[in-house]
>>> print(open('structure_22.tsv').read())   # TSV, C-alpha atoms
chain	number	residue	atom	x	y	z
Y	26	MET	CA	-43.31	-7.68	-12.39
Y	27	ALA	CA	-40.86	-5.10	-13.68
Y	28	SER	CA	-40.24	-3.91	-10.14
Y	29	SER	CA	-39.41	-7.43	-8.93
Y	30	ASN	CA	-37.04	-7.97	-11.89
Y	31	THR	CA	-35.23	-4.72	-11.10
Y	32	LYS	CA	-34.89	-5.76	-7.48
Y	33	ALA	CA	-33.52	-9.17	-8.46
Y	34	ALA	CA	-31.01	-7.57	-10.81
Y	35	ALA	CA	-29.86	-5.24	-8.03
Y	36	GLU	CA	-29.37	-8.20	-5.69
Y	37	VAL	CA	-27.26	-10.00	-8.31
Y	38	GLN	CA	-25.08	-6.92	-8.78
Y	39	GLU	CA	-24.68	-6.62	-5.02
Y	40	LYS	CA	-23.54	-10.22	-4.82
Y	41	LYS	CA	-21.01	-9.59	-7.55
Y	42	PHE	CA	-19.36	-6.83	-5.50
Y	43	ASP	CA	-15.92	-8.14	-4.62
Y	44	TRP	CA	-14.37	-6.43	-1.60
Y	45	HIS	CA	-11.15	-8.40	-2.09
Y	46	GLN	CA	-10.73	-6.86	-5.53
Y	47	ILE	CA	-11.14	-3.39	-4.04
Y	48	LYS	CA	-8.61	-4.21	-1.30
Y	49	SER	CA	-6.02	-5.23	-3.89
Y	50	TYR	CA	-5.78	-1.59	-5.00
Y	51	LEU	CA	-5.64	-0.11	-1.49
Y	52	PRO	CA	-1.84	-0.43	-1.02
Y	53	ILE	CA	-1.20	1.62	-4.19
Y	54	ILE	CA	-3.86	4.14	-3.21
Y	55	SER	CA	-2.37	4.37	0.29
Y	56	PHE	CA	1.14	4.91	-1.10
Y	57	VAL	CA	-0.01	7.70	-3.41
Y	58	ALA	CA	-2.01	9.26	-0.56
Y	59	ILE	CA	0.95	9.15	1.83
Y	60	VAL	CA	3.25	10.79	-0.72
Y	61	ALA	CA	0.65	13.44	-1.57
Y	62	ILE	CA	-0.17	14.27	2.06
Y	63	PHE	CA	3.43	14.64	3.19
Y	64	ALA	CA	4.39	16.50	0.01
Y	65	ILE	CA	1.70	19.06	0.86
Y	66	LEU	CA	2.52	19.21	4.59
Y	67	THR	CA	6.25	19.69	3.89
Y	68	GLY	CA	5.66	22.29	1.21
Y	69	GLY	CA	7.00	20.00	-1.50
Y	70	ALA	CA	10.29	19.37	0.33
Y	71	LEU	CA	9.55	15.64	0.57
Y	72	ILE	CA	9.78	15.15	-3.18
Y	73	THR	CA	13.01	17.06	-3.75
Y	74	PRO	CA	15.87	15.02	-5.26
Y	75	ARG	CA	17.80	15.12	-1.99
Y	76	ASN	CA	14.96	13.69	0.09
Y	77	ILE	CA	14.05	11.11	-2.53
Y	78	THR	CA	17.68	9.94	-2.47
Y	79	LEU	CA	17.60	9.76	1.34
Y	80	ILE	CA	14.37	7.77	1.27
Y	81	ILE	CA	15.71	5.27	-1.27
Y	82	SER	CA	19.14	4.89	0.33
Y	83	GLY	CA	17.58	4.29	3.73
Y	84	GLY	CA	15.59	1.32	2.47
Y	85	PHE	CA	18.19	-0.98	0.89
Y	86	THR	CA	18.57	-3.25	3.91
Y	87	LEU	CA	14.86	-3.18	4.75
Y	88	MET	CA	13.81	-4.04	1.19
Y	89	ILE	CA	16.06	-7.10	0.97
Y	90	ALA	CA	15.22	-8.43	4.44
Y	91	THR	CA	11.49	-7.99	3.77
Y	92	VAL	CA	11.70	-10.45	0.86
Y	93	GLY	CA	12.55	-13.32	3.21
Y	94	VAL	CA	9.90	-12.39	5.77
Y	95	TYR	CA	7.31	-12.17	2.98
Y	96	MET	CA	7.91	-15.85	2.23
Y	97	ILE	CA	7.59	-16.75	5.91
Y	98	MET	CA	4.38	-14.76	6.33
Y	99	SER	CA	2.90	-16.32	3.17
Y	100	MET	CA	2.93	-19.60	5.11
Y	101	GLY	CA	0.99	-17.98	7.96
Y	102	CYS	CA	4.08	-17.80	10.17
Y	103	LEU	CA	5.98	-14.93	11.77
Y	104	ASP	CA	9.64	-14.17	12.48
Y	105	PHE	CA	10.47	-11.70	15.24
Y	106	SER	CA	14.17	-12.59	15.26
Y	107	GLN	CA	14.99	-10.71	12.05
Y	108	GLY	CA	16.43	-7.63	13.76
Y	109	SER	CA	18.80	-9.50	16.05
Y	110	MET	CA	19.59	-11.93	13.22
Y	111	MET	CA	20.60	-8.92	11.14
Y	112	GLY	CA	22.75	-7.58	13.96
Y	113	LEU	CA	24.68	-10.81	14.50
Y	114	SER	CA	25.06	-11.49	10.76
Y	115	CYS	CA	26.33	-7.93	10.29
Y	116	ALA	CA	28.89	-8.46	13.06
Y	117	VAL	CA	30.12	-11.60	11.25
Y	118	VAL	CA	30.29	-9.70	7.94
Y	119	CYS	CA	32.25	-6.84	9.52
Y	120	PHE	CA	34.68	-9.19	11.25
Y	121	LEU	CA	35.33	-11.39	8.22
Y	122	SER	CA	35.62	-8.40	5.88
Y	123	GLN	CA	38.97	-7.71	7.52
Y	124	TYR	CA	40.23	-10.93	5.90
Y	125	ASN	CA	38.32	-11.56	2.67
Y	126	PRO	CA	35.20	-10.02	1.01
Y	127	ILE	CA	33.87	-13.35	-0.32
Y	128	LEU	CA	34.34	-14.91	3.09
Y	129	ALA	CA	32.41	-12.00	4.62
Y	130	ILE	CA	29.44	-12.48	2.28
Y	131	VAL	CA	29.35	-16.25	2.76
Y	132	GLY	CA	29.80	-15.90	6.52
Y	133	GLY	CA	26.94	-13.41	6.85
Y	134	MET	CA	24.56	-15.54	4.80
Y	135	ALA	CA	25.61	-18.73	6.60
Y	136	THR	CA	24.96	-17.08	9.98
Y	137	GLY	CA	21.48	-16.01	8.95
Y	138	ALA	CA	20.74	-19.43	7.45
Y	139	ALA	CA	21.91	-21.22	10.61
Y	140	ILE	CA	19.67	-19.07	12.81
Y	141	GLY	CA	16.77	-19.68	10.44
Y	142	LEU	CA	17.42	-23.43	10.64
Y	143	ILE	CA	17.32	-23.35	14.44
Y	144	ASN	CA	14.03	-21.43	14.33
Y	145	ALA	CA	12.64	-23.97	11.86
Y	146	ILE	CA	13.67	-26.99	13.93
Y	147	PHE	CA	11.96	-25.71	17.07
Y	148	HIS	CA	8.89	-24.57	15.13
Y	149	VAL	CA	8.47	-27.51	12.74
Y	150	LYS	CA	9.90	-30.43	14.69
Y	151	GLY	CA	9.16	-29.09	18.17
Y	152	GLN	CA	5.66	-27.91	17.19
Y	153	VAL	CA	6.18	-24.56	18.92
Y	154	GLN	CA	4.38	-21.58	17.42
Y	155	SER	CA	6.61	-19.48	15.19
Y	156	PHE	CA	6.16	-16.20	17.06
Y	157	VAL	CA	7.14	-17.87	20.36
Y	158	VAL	CA	10.27	-19.47	18.90
Y	159	THR	CA	11.44	-16.34	17.10
Y	160	MET	CA	10.79	-14.04	20.05
Y	161	CYS	CA	12.94	-16.29	22.25
Y	162	MET	CA	15.62	-16.28	19.55
Y	163	MET	CA	15.42	-12.49	19.38
Y	164	PHE	CA	16.29	-12.12	23.08
Y	165	LEU	CA	19.02	-14.78	22.85
Y	166	LEU	CA	20.73	-13.08	19.91
Y	167	ARG	CA	20.38	-9.66	21.53
Y	168	GLY	CA	22.41	-10.98	24.45
Y	169	ILE	CA	25.08	-12.36	22.12
Y	170	ILE	CA	25.35	-9.09	20.22
Y	171	ALA	CA	25.62	-7.12	23.47
Y	172	TYR	CA	28.38	-9.48	24.65
Y	173	ILE	CA	30.53	-9.31	21.53
Y	174	THR	CA	30.27	-5.51	21.37
Y	175	THR	CA	30.96	-4.90	25.06
Y	176	SER	CA	34.53	-3.68	24.59
Y	177	SER	CA	34.03	-1.89	21.27
Y	178	PRO	CA	31.92	-1.99	18.11
Y	179	VAL	CA	32.80	-4.48	15.38
Y	180	TYR	CA	34.13	-2.46	12.44
Y	181	ALA	CA	33.92	-3.31	8.75
Y	182	ALA	CA	36.92	-3.04	6.44
Y	183	THR	CA	37.40	0.32	4.76
Y	184	TYR	CA	37.00	-1.13	1.26
Y	185	LEU	CA	33.49	-2.21	2.27
Y	186	THR	CA	32.39	1.13	3.72
Y	187	ALA	CA	33.80	2.91	0.66
Y	188	LEU	CA	30.90	1.41	-1.31
Y	189	ALA	CA	28.36	3.34	0.78
Y	190	THR	CA	28.39	6.25	-1.68
Y	191	ASN	CA	27.92	3.98	-4.68
Y	192	THR	CA	24.13	4.30	-4.75
Y	193	PRO	CA	23.67	2.85	-8.28
Y	194	LEU	CA	25.49	-0.33	-7.21
Y	195	LEU	CA	23.32	-0.74	-4.11
Y	196	ILE	CA	20.13	-0.07	-6.09
Y	197	GLY	CA	21.27	-2.66	-8.63
Y	198	ILE	CA	21.80	-5.26	-5.90
Y	199	VAL	CA	18.34	-4.64	-4.47
Y	200	VAL	CA	16.72	-4.87	-7.92
Y	201	VAL	CA	18.51	-8.16	-8.66
Y	202	VAL	CA	17.30	-9.64	-5.36
Y	203	LEU	CA	13.71	-8.52	-6.05
Y	204	VAL	CA	13.74	-9.85	-9.62
Y	205	ILE	CA	15.15	-13.24	-8.60
Y	206	ALA	CA	12.62	-13.57	-5.78
Y	207	TYR	CA	9.75	-12.57	-8.07
Y	208	LEU	CA	10.74	-15.06	-10.76
Y	209	VAL	CA	11.13	-17.90	-8.27
Y	210	LEU	CA	7.84	-17.21	-6.49
Y	211	HIS	CA	5.81	-16.69	-9.68
Y	212	PHE	CA	7.28	-19.20	-12.13
Y	213	THR	CA	7.91	-22.17	-9.84
Y	214	ALA	CA	5.59	-24.17	-7.61
Y	215	LEU	CA	7.16	-22.62	-4.51
Y	216	GLY	CA	4.98	-19.50	-4.50
Y	217	SER	CA	1.70	-21.40	-4.72
Y	218	ASN	CA	2.94	-23.94	-2.16
Y	219	LEU	CA	3.61	-21.20	0.38
Y	220	LYS	CA	0.14	-19.73	-0.10
Y	221	ALA	CA	-1.41	-23.19	0.16
Y	222	ILE	CA	0.36	-23.79	3.48
Y	223	GLY	CA	-0.77	-20.39	4.72
Y	224	ALA	CA	-4.37	-21.10	3.76
Y	225	SER	CA	-4.50	-24.60	5.26
Y	226	GLU	CA	-1.65	-26.89	6.24
Y	227	THR	CA	-3.99	-29.90	6.18
Y	228	GLY	CA	-5.19	-29.04	2.69
Y	229	ALA	CA	-1.60	-28.51	1.55
Y	230	ARG	CA	-0.65	-31.99	2.79
Y	231	PHE	CA	-3.56	-33.55	0.91
Y	232	ALA	CA	-2.35	-31.65	-2.18
Y	233	GLY	CA	0.97	-33.49	-1.93
Y	234	ILE	CA	3.04	-30.64	-0.45
Y	235	ASN	CA	5.71	-31.62	2.05
Y	236	VAL	CA	4.79	-28.92	4.57
Y	237	GLN	CA	7.55	-29.58	7.10
Y	238	ARG	CA	10.33	-29.65	4.52
Y	239	THR	CA	8.99	-26.51	2.82
Y	240	LYS	CA	8.84	-24.62	6.11
Y	241	ILE	CA	12.40	-25.57	7.02
Y	242	ILE	CA	13.71	-24.57	3.60
Y	243	ILE	CA	11.93	-21.21	3.70
Y	244	TYR	CA	13.20	-20.33	7.18
Y	245	VAL	CA	16.75	-21.17	6.09
Y	246	VAL	CA	16.43	-19.20	2.83
Y	247	ALA	CA	14.87	-16.23	4.63
Y	248	GLY	CA	17.74	-16.28	7.12
Y	249	ALA	CA	20.29	-16.36	4.29
Y	250	ILE	CA	18.55	-13.39	2.64
Y	251	THR	CA	18.73	-11.46	5.90
Y	252	GLY	CA	22.40	-12.42	6.16
Y	253	PHE	CA	22.92	-10.94	2.70
Y	254	ALA	CA	21.02	-7.82	3.75
Y	255	ALA	CA	23.53	-7.59	6.61
Y	256	LEU	CA	26.22	-7.03	3.99
Y	257	ILE	CA	24.36	-3.96	2.72
Y	258	ASN	CA	23.90	-2.81	6.30
Y	259	ALA	CA	27.64	-3.18	6.95
Y	260	ILE	CA	28.40	-1.13	3.84
Y	261	ARG	CA	26.07	1.67	4.92
Y	262	ILE	CA	26.74	1.72	8.69
Y	263	GLY	CA	30.33	0.48	8.83
Y	264	SER	CA	30.16	-0.98	12.32
Y	265	VAL	CA	28.03	-3.02	14.70
Y	266	THR	CA	26.99	-1.94	18.19
Y	267	SER	CA	24.65	-3.54	20.71
Y	268	GLN	CA	21.72	-1.76	19.00
Y	269	ALA	CA	22.43	-3.20	15.53
Y	270	GLY	CA	19.23	-4.30	13.78
Y	271	ASN	CA	17.09	-3.04	16.63
Y	272	MET	CA	13.37	-2.79	15.65
Y	273	LEU	CA	14.02	-4.17	12.15
Y	274	GLU	CA	11.43	-6.90	12.64
Y	275	THR	CA	8.84	-4.25	13.53
Y	276	GLN	CA	9.72	-2.18	10.48
Y	277	ILE	CA	9.40	-5.23	8.22
Y	278	LEU	CA	6.02	-6.17	9.70
Y	279	ILE	CA	4.64	-2.63	9.36
Y	280	ALA	CA	5.97	-2.37	5.80
Y	281	LEU	CA	4.38	-5.64	4.69
Y	282	VAL	CA	1.03	-4.75	6.24
Y	283	LEU	CA	1.17	-1.32	4.58
Y	284	GLY	CA	1.72	-3.20	1.32
Y	285	GLY	CA	-1.50	-5.17	1.82
Y	286	MET	CA	0.01	-8.37	3.19
Y	287	PRO	CA	-2.50	-10.38	5.29
Y	288	ILE	CA	-0.77	-10.99	8.60
Y	289	ASN	CA	-2.00	-14.61	8.49
Y	290	GLY	CA	-0.72	-15.21	4.94
Y	291	GLY	CA	-2.57	-17.47	2.54
Y	292	ALA	CA	-3.91	-16.99	-0.96
Y	293	ARG	CA	-4.17	-13.20	-0.69
Y	294	SER	CA	-0.40	-12.81	-0.29
Y	295	ARG	CA	1.10	-10.68	-3.08
Y	296	PHE	CA	4.82	-10.13	-3.76
Y	297	SER	CA	4.01	-6.53	-4.66
Y	298	SER	CA	3.44	-6.01	-0.91
Y	299	VAL	CA	7.22	-6.00	-0.47
Y	300	VAL	CA	7.92	-3.07	-2.80
Y	301	THR	CA	4.77	-1.05	-2.15
Y	302	GLY	CA	4.91	-1.59	1.59
Y	303	VAL	CA	8.58	-0.74	2.07
Y	304	LEU	CA	8.28	2.42	-0.05
Y	305	SER	CA	5.15	3.47	1.88
Y	306	TYR	CA	6.92	2.90	5.19
Y	307	LEU	CA	10.02	4.84	4.13
Y	308	VAL	CA	7.98	7.81	2.90
Y	309	LEU	CA	5.83	7.77	6.03
Y	310	GLN	CA	8.87	7.61	8.30
Y	311	ARG	CA	10.73	10.35	6.43
Y	312	GLY	CA	7.65	12.56	6.34
Y	313	LEU	CA	7.14	12.28	10.10
Y	314	VAL	CA	10.79	13.20	10.69
Y	315	MET	CA	10.55	16.22	8.38
Y	316	LEU	CA	7.45	17.43	10.22
Y	317	GLY	CA	9.45	17.44	13.45
Y	318	PHE	CA	7.58	14.75	15.37
Y	319	THR	CA	9.42	13.18	18.30
Y	320	THR	CA	10.37	9.51	18.23
Y	321	GLU	CA	7.54	8.70	20.65
Y	322	ILE	CA	4.92	10.41	18.49
Y	323	GLN	CA	6.30	8.71	15.38
Y	324	GLN	CA	5.93	5.31	17.06
Y	325	LEU	CA	2.39	6.20	18.12
Y	326	ILE	CA	1.38	7.17	14.58
Y	327	LEU	CA	3.02	4.09	13.06
Y	328	GLY	CA	1.26	1.92	15.63
Y	329	ILE	CA	-2.12	3.40	14.75
Y	330	VAL	CA	-1.47	2.93	11.03
Y	331	PHE	CA	-0.38	-0.66	11.65
Y	332	VAL	CA	-3.52	-1.55	13.60
Y	333	ILE	CA	-5.77	-0.01	10.95
Y	334	MET	CA	-4.04	-1.85	8.08
Y	335	VAL	CA	-4.10	-5.17	9.96
Y	336	ALA	CA	-7.85	-4.75	10.48
Y	337	VAL	CA	-8.35	-4.01	6.78
Y	338	PHE	CA	-6.24	-6.81	5.31
Y	339	SER	CA	-6.72	-9.66	7.80
Y	340	GLU	CA	-8.53	-12.68	6.32
Y	341	ARG	CA	-10.96	-13.15	9.19
Y	342	ALA	CA	-13.45	-15.10	7.08
Y	343	ALA	CA	-10.84	-17.80	6.45
Y	344	ASN	CA	-10.61	-18.47	10.20
Y	345	GLN	CA	-6.82	-18.56	9.97
Y	346	VAL	CA	-4.42	-18.38	12.88
Y	347	ILE	CA	-0.71	-17.57	13.19
Y	348	LYS	CA	1.15	-20.87	13.14
>>> encode(input="structure_22.tsv", output="structure tokens")
Amino acid sequence: MASSNTKAAAEVQEKKFDWHQIKSYLPIISFVAIVAIFAILTGGALITPRNITLIISGGFTLMIATVGVYMIMSMGCLDFSQGSMMGLSCAVVCFLSQYNPILAIVGGMATGAAIGLINAIFHVKGQVQSFVVTMCMMFLLRGIIAYITTSSPVYAATYLTALATNTPLLIGIVVVVLVIAYLVLHFTALGSNLKAIGASETGARFAGINVQRTKIIIYVVAGAITGFAALINAIRIGSVTSQAGNMLETQILIALVLGGMPINGGARSRFSSVVTGVLSYLVLQRGLVMLGFTTEIQQLILGIVFVIMVAVFSERAANQVIK
């Protein structure tokens, strides 16, 4: 009798084991592990003040742009046009900065918002999957960027590029964006609505959520956020060439997955994925550069890491698909 009771108790404990709870700590564990491994491999050079400054300063644009994509992915959607959207918005910012700084900021954000609106119309109203729409938009915008930079790069005004050395200001801007996004997503119904849509659009409709309107708003807002990130990019880079924003969408996707973001969104989406993921990606990228790996090997390693993290954090049991 005692043996059967012990066995029953063991089965109850086994049922109480929550793998999702364990997974929630994996992004932090991964970040600490990445820092520790590369600190050891580089002989401590990774964690010197100079390299820490380089890591942080290299992530301003990525951190801001990732906020918008996080909202899109929470709905179970994707956006592969972020890199080219950044490039075109940055070109608008650089051009308008020659006339007026406020006009440059508004112009960059309006450009991103307009592109996001076009993506949303084709996806929501045209019922075309988000990754198809945004990939087509990516190639379209790449062509536009290549055309407008054929003769020469688009240069930002000198007063804008002079801010590149003002690291505290740029850090402050990033922190403000993160705080505002966190407050909106955690203390309004928007955050839960996005997760509900990601989990089940049909269920979200029955819950009274206007799915189509929410999707359109989020794509527009995400585009405006990327347009604002283009301002930071213009400050740091100072000009736009045909390669502006190249691979940004891949960097954002890898960063979010490193931060524990389920690629199909839903209830397991956490805003902390933005900060943890971007920092993990920046440390990983910097560490690979310091170890002397070629660009091809770096891409190979990042690809392997991406596949592993997708396998770990995907919500396969929920039978979700990318919308």
>>> atom_distance(input="structure_22.tsv", atom1="atom CA of Y:Asn258", atom2="atom CA of Y:Gln107")
13.2 Å
>>> closest_residue(input="structure_22.tsv", among="Y:Leu103, Y:Ala187, Y:Met110, Y:Val265", to="Y:Val157", atoms="only C-alpha atoms")
Y:Leu103
>>> closest_atom_pairs(input="structure_22.tsv", of="stretch 195-251 of chain Y", to="stretch 65-88 of chain Y", cutoff="12 Å", atoms="only C-alpha atoms", output="Markdown table")
| residue | atom | partner | partner_atom | distance |
| --- | --- | --- | --- | --- |
| Y:Leu195 | CA | Y:Phe85 | CA | 7.2 |
| Y:Ile196 | CA | Y:Phe85 | CA | 7.3 |
| Y:Gly197 | CA | Y:Phe85 | CA | 10.1 |
| Y:Ile198 | CA | Y:Phe85 | CA | 8.8 |
| Y:Val199 | CA | Y:Phe85 | CA | 6.5 |
| Y:Val200 | CA | Y:Met88 | CA | 9.6 |
| Y:Val201 | CA | Y:Met88 | CA | 11.7 |
| Y:Val202 | CA | Y:Met88 | CA | 9.3 |
| Y:Leu203 | CA | Y:Met88 | CA | 8.5 |
| Y:Ala206 | CA | Y:Met88 | CA | 11.9 |
| Y:Ile250 | CA | Y:Thr86 | CA | 10.2 |
| Y:Thr251 | CA | Y:Thr86 | CA | 8.4 |
>>> atom_distance(input="structure_22.tsv", atom1="atom CA of Y:Val300", atom2="atom CA of Y:Gly133")
23.7 Å
>>> closest_residue(input="structure_22.tsv", among="Y:Ala249, Y:Val179, Y:Met334, Y:Ile322", to="Y:Gly93", atoms="only C-alpha atoms")
Y:Ala249
>>> residues_around(input="structure_22.tsv", residues="Y:Gly168", least_positions_apart="3", cutoff="12 Å", atoms="only C-alpha atoms", output="list in words")
Ser109, Met110, Gly112, Leu113, Cys161, Met162, Met163, Phe164, Leu165, Ala171, Tyr172, Ile173, Thr174, Thr175, Thr266, Ser267, Gln268 and Ala269 of chain Y
>>> atom_distance(input="structure_22.tsv", atom1="atom CA of Y:Ala292", atom2="atom CA of Y:Leu219")
8.7 Å
>>> residues_around(input="structure_22.tsv", residues="Y:Ile130", least_positions_apart="3", cutoff="10 Å", atoms="all atoms listed in the file", output="VMD selection string")
chain Y and resid 114 to 115 117 to 119 121 to 122 125 to 127 133 to 135 252 to 257
>>> closest_residue(input="structure_22.tsv", among="Y:Asn144, Y:Gln154, Y:Ser99, Y:Ser55", to="Y:Pro287", atoms="all atoms listed in the file")
Y:Ser99
>>> closest_residue(input="structure_22.tsv", among="Y:Gly248, Y:Gly291, Y:Gly216, Y:Pro178", to="Y:Gly228", atoms="all atoms listed in the file")
Y:Gly291
>>> closest_residue(input="structure_22.tsv", among="Y:Leu194, Y:Met111, Y:Val60, Y:Ile53", to="Y:Ala90", atoms="only C-alpha atoms")
Y:Met111
